[in-house]
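Student: Structure in structure tokens, see below.
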Amino acid sequence: MANVLISNFSPINAKGTANIPCYFEGFINALLRAGNNVLHLQSTDFINHPWNSTNTFINTIDRQPIINEIQQFNPDICFVFNNSTIPNLGEIISSPIVIMQADSARYYNDKLMLKKNASRYYFCCSNSELAQELQDTFGCHKNKIIISQFATDCKHENLDMKHSISFIGTNFISFDQTEVGDIYKDLKPIQSSFLNLSKPTTNILDDNKISLLTNNNQKKFLQRTNALLVGHERRKVLELLVDLDLTIYGNDRWTFLYDSSIDLALAYDDREVFSLQENQNVYNSSKICINISHPQTISAFPWRVLDIAATNACLVSDARKDLIDFFASHVNIPTYNNRFEARQLCEKILQEDAFREDIVTASQECIKDKGRFEHRFKDFEQIIDLSLFHKRKGVYKKIIPQYNSIHKTKMFIIEYAMRHAPAPKKTFTLIYKILKFFKINPNYKILTIAKKYYTKK
């Protein structure tokens, strides 16, 4: 029985806590079924910037209990997504650490540290193109790279088909709608340099070029601009599917589209769909589930592709080489090259039940044969001298953050201020001013308190 440490970030906040994304949940479930003990560290709970930054502890976190718990667990192997974890993990433990791919390497945390200590780590990615990016970015040797495709723990269930087409995802708006005008205003004076950063075939900015900019303010501005453009590309596809009974799930940023695309805003269902079971339920109750990849994903495909293919939904996706190659032995997945082709495919699939059912059955067989996490464990075993298959079911434990006296003092001040706030709107304004004064990010505990007092008012 192996002890496995999992470290991942979470962009999902619901019910006052950071929820574990579907892919990580499936990965953990499969490790437990295979007989491994899992200690789970969700970096969002412990570090200031869990994505595309550096690993630094939130100053209100009591650090030593976390370190002690990891050392006492004594992991045989660690899987760290995007290198998002507590600071200096490689010094705290001596076991192998696999840096798992959740995004491109340019979005990993502590990139300079990884480059300096590349020999300490294994790196996992889904294709040879990304393996070359890892070598170029961190200087790691090719024998420390594990090429292993994504996997899924989703399963097919016979549910009522409530949706003709569904989509689970974000529109990439990660800031207030009021900032959009400011971005446009700031963009005009640098339009020529903006276009020079663009790819030849699209108006999407090249993230690699943005990452090389030395002016942090300009870099942040262009990253936000890129989010708008990427979201626009996604929305153009979905807008052509609305009248085919499209349902959208994701965060509430879809409601920001009421003034620019009311059809999409009305297609949004605000029910929470975060867990593996919740995703699985949507897929199994949809005739079609559409995948729209990030425009800069040239050959790879996102996690949702295999999740959909494992269920009773028919996968329709933008054309990606890795996707076509992965399914080629079993089925030709319906793929499109533009939004008009996407609509034509969806219309055909909705009209021809037998065609759709054949694709679904073949997709499920493909996942059964080579798309499960158990298949990926075998990939790891070929590189790392460690068995991940055992007879007894493993035990799961999540590391819970403990807070120091600084946190307790701040929470007391915040709660006191909120009790005396005259109105709900002023309550939230006041809390964020206090947080800014203390130079800390809003955490989920604070948002829970805010919601409690908002309800009281």
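Chain labels follow the order of the structure tokens: the first chain is A, the next B, and so on; residue numbering restarts at 1 in every chain, and ligands are counted from 1 in their shown order.
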As a list in words, list the residues of segment 267-386 of chain A assigned to strand (DSSP E) by DSSP on the backbone atoms of this structure.

Tutor: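 Selecting the strand (DSSP E) positions of segment 267-386 of chain A gives Ser286, Lys287, Ile288, Cys289, Ile290, Asn291, Cys314, Leu315, Val316, Ser317, Asp318, Thr335 and Tyr336 of chain A.
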
Student: Take the residues just selected and output them with C-alpha atoms as a PDB file, in the first residue's frame.

Tutor:
```
ATOM      1  CA  SER A 286     -27.687  15.578 -22.297  1.00  0.00           C
ATOM      2  CA  LYS A 287     -27.945  14.312 -25.852  1.00  0.00           C
ATOM      3  CA  ILE A 288     -24.920  16.408 -26.847  1.00  0.00           C
ATOM      4  CA  CYS A 289     -22.162  17.930 -24.745  1.00  0.00           C
ATOM      5  CA  ILE A 290     -19.961  20.381 -26.582  1.00  0.00           C
ATOM      6  CA  ASN A 291     -16.284  21.028 -25.960  1.00  0.00           C
ATOM      7  CA  CYS A 314     -22.445  12.554 -27.555  1.00  0.00           C
ATOM      8  CA  LEU A 315     -19.188  14.497 -27.574  1.00  0.00           C
ATOM      9  CA  VAL A 316     -18.894  17.290 -30.140  1.00  0.00           C
ATOM     10  CA  SER A 317     -15.583  19.122 -30.092  1.00  0.00           C
ATOM     11  CA  ASP A 318     -13.410  21.552 -31.944  1.00  0.00           C
ATOM     12  CA  THR A 335     -15.322  17.672 -34.737  1.00  0.00           C
ATOM     13  CA  TYR A 336     -15.709  21.172 -36.157  1.00  0.00           C
TER      14      TYR A 336
END
```

Student: Might you pull out every residue within 12 Å of Ile292 of chain A, with only C-alpha atoms counted and same-chain residues fewer than 4 positions away left off, and present them as a CSV table (one decimal) with C-alpha atoms, in the first residue's frame?

Tutor:
```csv
chain,number,residue,atom,x,y,z
A,166,SER,CA,-25.2,21.3,-22.6
A,167,PHE,CA,-21.9,23.1,-21.9
A,168,ILE,CA,-20.0,23.2,-18.6
A,169,GLY,CA,-17.3,25.9,-18.4
A,170,THR,CA,-16.4,29.5,-18.0
A,171,ASN,CA,-16.6,32.5,-20.3
A,230,VAL,CA,-10.9,34.1,-25.5
A,231,GLY,CA,-14.3,34.4,-24.0
A,232,HIS,CA,-15.6,36.1,-27.1
A,233,GLU,CA,-14.4,33.2,-29.3
A,234,ARG,CA,-16.2,30.7,-27.0
A,235,ARG,CA,-19.4,32.8,-26.9
A,236,LYS,CA,-19.5,33.0,-30.7
A,237,VAL,CA,-19.8,29.2,-30.9
A,238,LEU,CA,-22.4,28.9,-28.2
A,296,GLN,CA,-4.1,28.4,-28.0
A,297,THR,CA,-4.5,24.7,-27.3
A,301,PHE,CA,-7.6,18.7,-25.4
A,302,PRO,CA,-9.1,19.6,-22.0
A,303,TRP,CA,-10.2,17.2,-19.3
A,304,ARG,CA,-13.9,17.5,-20.1
A,305,VAL,CA,-13.4,15.6,-23.4
A,315,LEU,CA,-19.2,14.5,-27.6
A,316,VAL,CA,-18.9,17.3,-30.1
A,317,SER,CA,-15.6,19.1,-30.1
A,318,ASP,CA,-13.4,21.6,-31.9
A,319,ALA,CA,-10.8,19.6,-33.9
A,320,ARG,CA,-7.7,18.8,-32.0
A,335,THR,CA,-15.3,17.7,-34.7
A,336,TYR,CA,-15.7,21.2,-36.2
A,337,ASN,CA,-13.3,23.9,-37.4
A,338,ASN,CA,-15.7,26.8,-37.0
A,339,ARG,CA,-18.9,27.8,-35.3
A,342,ALA,CA,-20.5,23.1,-34.9
```

Student: Which of segment 254-317 of chain A counts as helix (DSSP H, G or I) under DSSP, as a list in words please?

Tutor: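 These are the residues in question: Trp254, Thr255, Phe256, Leu257, Tyr258, Ile262, Asp263, Leu264, Ala265, Leu266, Ala267, Leu276, Gln277, Glu278, Asn279, Gln280, Asn281, Val282, Tyr283, Asn284, Arg304, Val305, Leu306, Asp307, Ile308 and Ala309 of chain A.
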
Student: Determine the nearest neighbour of Arg33 of chain A from the options A:Met1, A:Asn279, A:Phe340, A:Ile349, counting only C-alpha atoms.

Tutor: A:Met1

Student: Of the candidates A:Ser329, A:Gln132, A:Ser164, A:Gln280, which shows the shortest atom-to-atom distance to Cys346 of chain A, using only C-alpha atoms?

Tutor: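 Of the candidates, the smallest distance to Cys346 of chain A is held by A:Ser164.
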
Student: Can you tell me which residues surround segment 18-29 of chain A at a distance of at most 8 Å, considering only C-alpha atoms, apart from same-chain residues fewer than 6 positions away, and format the answer as a list of chain:residue names?

Tutor: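 Close residues of segment 18-29 of chain A: A:Ile6, A:Asn8, A:Ser10, A:Pro11, A:Ile12, A:Val38, A:Gln42, A:Thr44, A:Asp45, A:Thr152, A:Asp153, A:Cys154, A:Phe274, A:Ser275, A:Leu276, A:Asn279, A:Trp303, A:Phe373, A:Tyr444.
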
Student: Give me a file of those residues, with N, CA and C atoms, as a short mmCIF file (atom, residue, chain, number, x, y, z; two decimals), in the first residue's frame.

Tutor:
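Resulting contents of selection30.cif:
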```cif
data_model
loop_
_atom_site.label_atom_id
_atom_site.label_comp_id
_atom_site.auth_asym_id
_atom_site.auth_seq_id
_atom_site.Cartn_x
_atom_site.Cartn_y
_atom_site.Cartn_z
N ILE A 6 -1.32 14.32 -2.77
CA ILE A 6 -1.86 15.05 -3.91
C ILE A 6 -1.94 16.53 -3.55
N ASN A 8 -3.19 20.18 -5.29
CA ASN A 8 -3.83 20.84 -6.44
C ASN A 8 -4.41 22.18 -6.01
N SER A 10 -7.62 25.09 -6.65
CA SER A 10 -9.04 25.05 -7.00
C SER A 10 -9.54 26.45 -7.30
N PRO A 11 -10.05 26.68 -8.52
CA PRO A 11 -10.65 27.97 -8.84
C PRO A 11 -12.12 28.04 -8.48
N ILE A 12 -12.65 26.97 -7.86
CA ILE A 12 -14.09 26.85 -7.63
C ILE A 12 -14.41 27.18 -6.17
N VAL A 38 -4.24 8.34 0.55
CA VAL A 38 -4.09 9.66 -0.07
C VAL A 38 -4.17 10.75 0.99
N GLN A 42 -5.01 20.97 -0.71
CA GLN A 42 -5.57 21.89 -1.69
C GLN A 42 -4.89 23.25 -1.51
N THR A 44 -5.06 26.14 -2.63
CA THR A 44 -5.86 27.36 -2.50
C THR A 44 -6.11 27.71 -1.03
N ASP A 45 -6.12 26.71 -0.17
CA ASP A 45 -6.37 26.93 1.26
C ASP A 45 -5.15 27.46 2.00
N THR A 152 -10.32 9.81 -17.00
CA THR A 152 -11.59 10.21 -16.39
C THR A 152 -12.08 9.15 -15.43
N ASP A 153 -12.88 9.59 -14.46
CA ASP A 153 -13.55 8.66 -13.55
C ASP A 153 -15.07 8.75 -13.71
N CYS A 154 -15.52 9.52 -14.69
CA CYS A 154 -16.96 9.62 -14.97
C CYS A 154 -17.48 8.30 -15.55
N PHE A 274 -20.08 21.24 -9.84
CA PHE A 274 -18.65 21.27 -9.55
C PHE A 274 -18.08 19.87 -9.34
N SER A 275 -18.77 19.06 -8.56
CA SER A 275 -18.25 17.74 -8.21
C SER A 275 -18.30 16.79 -9.39
N LEU A 276 -17.62 15.67 -9.24
CA LEU A 276 -17.63 14.65 -10.29
C LEU A 276 -19.06 14.17 -10.54
N ASN A 279 -21.11 16.84 -12.44
CA ASN A 279 -20.73 16.86 -13.86
C ASN A 279 -21.30 15.66 -14.58
N TRP A 303 -9.72 18.36 -20.07
CA TRP A 303 -10.20 17.21 -19.29
C TRP A 303 -11.62 16.82 -19.64
N PHE A 373 -8.07 6.26 -15.17
CA PHE A 373 -6.87 6.61 -14.41
C PHE A 373 -5.98 5.39 -14.15
N TYR A 444 -12.35 32.04 2.07
CA TYR A 444 -13.71 31.52 2.03
C TYR A 444 -14.41 31.67 3.38
#
```

Student: Go ahead and compute the interatomic distance for atom CA of Ile67 of chain A and atom CA of Pro401 of chain A, in Å to one decimal.

Tutor: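 These two atoms are separated by 11.2 Å.
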
Student: Figure out the distance between atom CA of Leu244 of chain A and atom CA of Leu306 of chain A, please, to one decimal in Å.

Tutor: 23.4 Å

Student: Fewer than 6 positions away in the same chain doesn't count, so skip those; otherwise give me all residues within 9 Å of Phe377 of chain A, counting only C-alpha atoms, as a list in words.

Tutor: Leu31, Ser387, Leu388 and Phe389 of chain A

Student: Could I get the residues of segment 329-388 of chain A with an atom no further than 12 Å from an atom of segment 89-99 of chain A, each paired with its nearest atom pair and that distance in Å to one decimal, using only C-alpha atoms, sorted by chain and residue number, as CSV?

Tutor:
```
residue,atom,partner,partner_atom,distance
A:Phe380,CA,A:Val98,CA,9.3
A:Ile383,CA,A:Val98,CA,10.9
A:Ile384,CA,A:Pro96,CA,8.2
A:Asp385,CA,A:Pro96,CA,9.9
A:Leu386,CA,A:Pro96,CA,9.9
```

Student: Pull N, CA and C atoms from the residues just selected and write them as a short mmCIF file (atom, residue, chain, number, x, y, z; two decimals), in the first residue's frame.

Tutor:
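This is the output file selection.cif:
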```cif
data_model
loop_
_atom_site.label_atom_id
_atom_site.label_comp_id
_atom_site.auth_asym_id
_atom_site.auth_seq_id
_atom_site.Cartn_x
_atom_site.Cartn_y
_atom_site.Cartn_z
N PHE A 380 2.91 5.67 -15.04
CA PHE A 380 3.80 6.14 -13.97
C PHE A 380 4.73 5.02 -13.50
N ILE A 383 8.05 4.43 -15.29
CA ILE A 383 9.13 5.40 -15.09
C ILE A 383 9.62 5.40 -13.65
N ILE A 384 8.70 5.28 -12.71
CA ILE A 384 9.04 5.36 -11.28
C ILE A 384 8.89 3.98 -10.66
N ASP A 385 9.88 3.57 -9.91
CA ASP A 385 9.89 2.24 -9.31
C ASP A 385 8.98 2.20 -8.09
N LEU A 386 7.66 2.15 -8.36
CA LEU A 386 6.67 2.14 -7.29
C LEU A 386 5.36 1.57 -7.82
#
```

Student: Quick one: residues within 9 Å of Asn48 of chain A, only C-alpha atoms, excluding same-chain residues fewer than 2 positions away - as a CSV table (one decimal) with C-alpha atoms, in the first residue's frame?

Tutor:
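Written out: selection.csv:
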```csv
chain,number,residue,atom,x,y,z
A,43,SER,CA,-3.1,24.7,-2.3
A,44,THR,CA,-5.9,27.4,-2.5
A,45,ASP,CA,-6.4,26.9,1.3
A,46,PHE,CA,-2.7,27.6,2.1
A,50,PRO,CA,-2.1,29.2,-6.3
A,53,SER,CA,2.8,32.8,-9.4
A,54,THR,CA,5.0,31.7,-6.4
A,55,ASN,CA,4.3,29.4,-3.6
A,56,THR,CA,4.1,31.6,-0.5
A,57,PHE,CA,2.1,30.9,2.7
A,58,ILE,CA,-0.9,33.0,3.5
A,59,ASN,CA,0.3,34.9,6.5
A,440,ILE,CA,-4.7,39.7,2.5
A,441,ASN,CA,-6.9,38.0,-0.1
```

Student: One decimal, Å: what's the distance from atom CA of Cys125 of chain A over to atom CA of Asn82 of chain A, could you say?

Tutor: 10.7 Å

Student: For Val331 of chain A, work out the shell of residues within 9 Å, counting only C-alpha atoms and skipping chain neighbours fewer than 3 positions away, then give it as a PDB file with C-alpha atoms, in the first residue's frame.

Tutor:
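This went into selection04.pdb:
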```pdb
ATOM      1  CA  ILE A 324      -8.698  12.624 -33.079  1.00  0.00           C
ATOM      2  CA  PHE A 327     -10.337   8.015 -30.345  1.00  0.00           C
ATOM      3  CA  ALA A 328      -9.250   6.871 -33.836  1.00  0.00           C
ATOM      4  CA  ASP A 358     -23.402   4.650 -32.202  1.00  0.00           C
ATOM      5  CA  ILE A 359     -20.937   7.442 -31.371  1.00  0.00           C
ATOM      6  CA  ALA A 362     -18.036   3.552 -29.273  1.00  0.00           C
ATOM      7  CA  SER A 363     -16.796   6.453 -27.132  1.00  0.00           C
ATOM      8  CA  CYS A 366     -12.688   3.707 -25.958  1.00  0.00           C
TER       9      CYS A 366
END
```
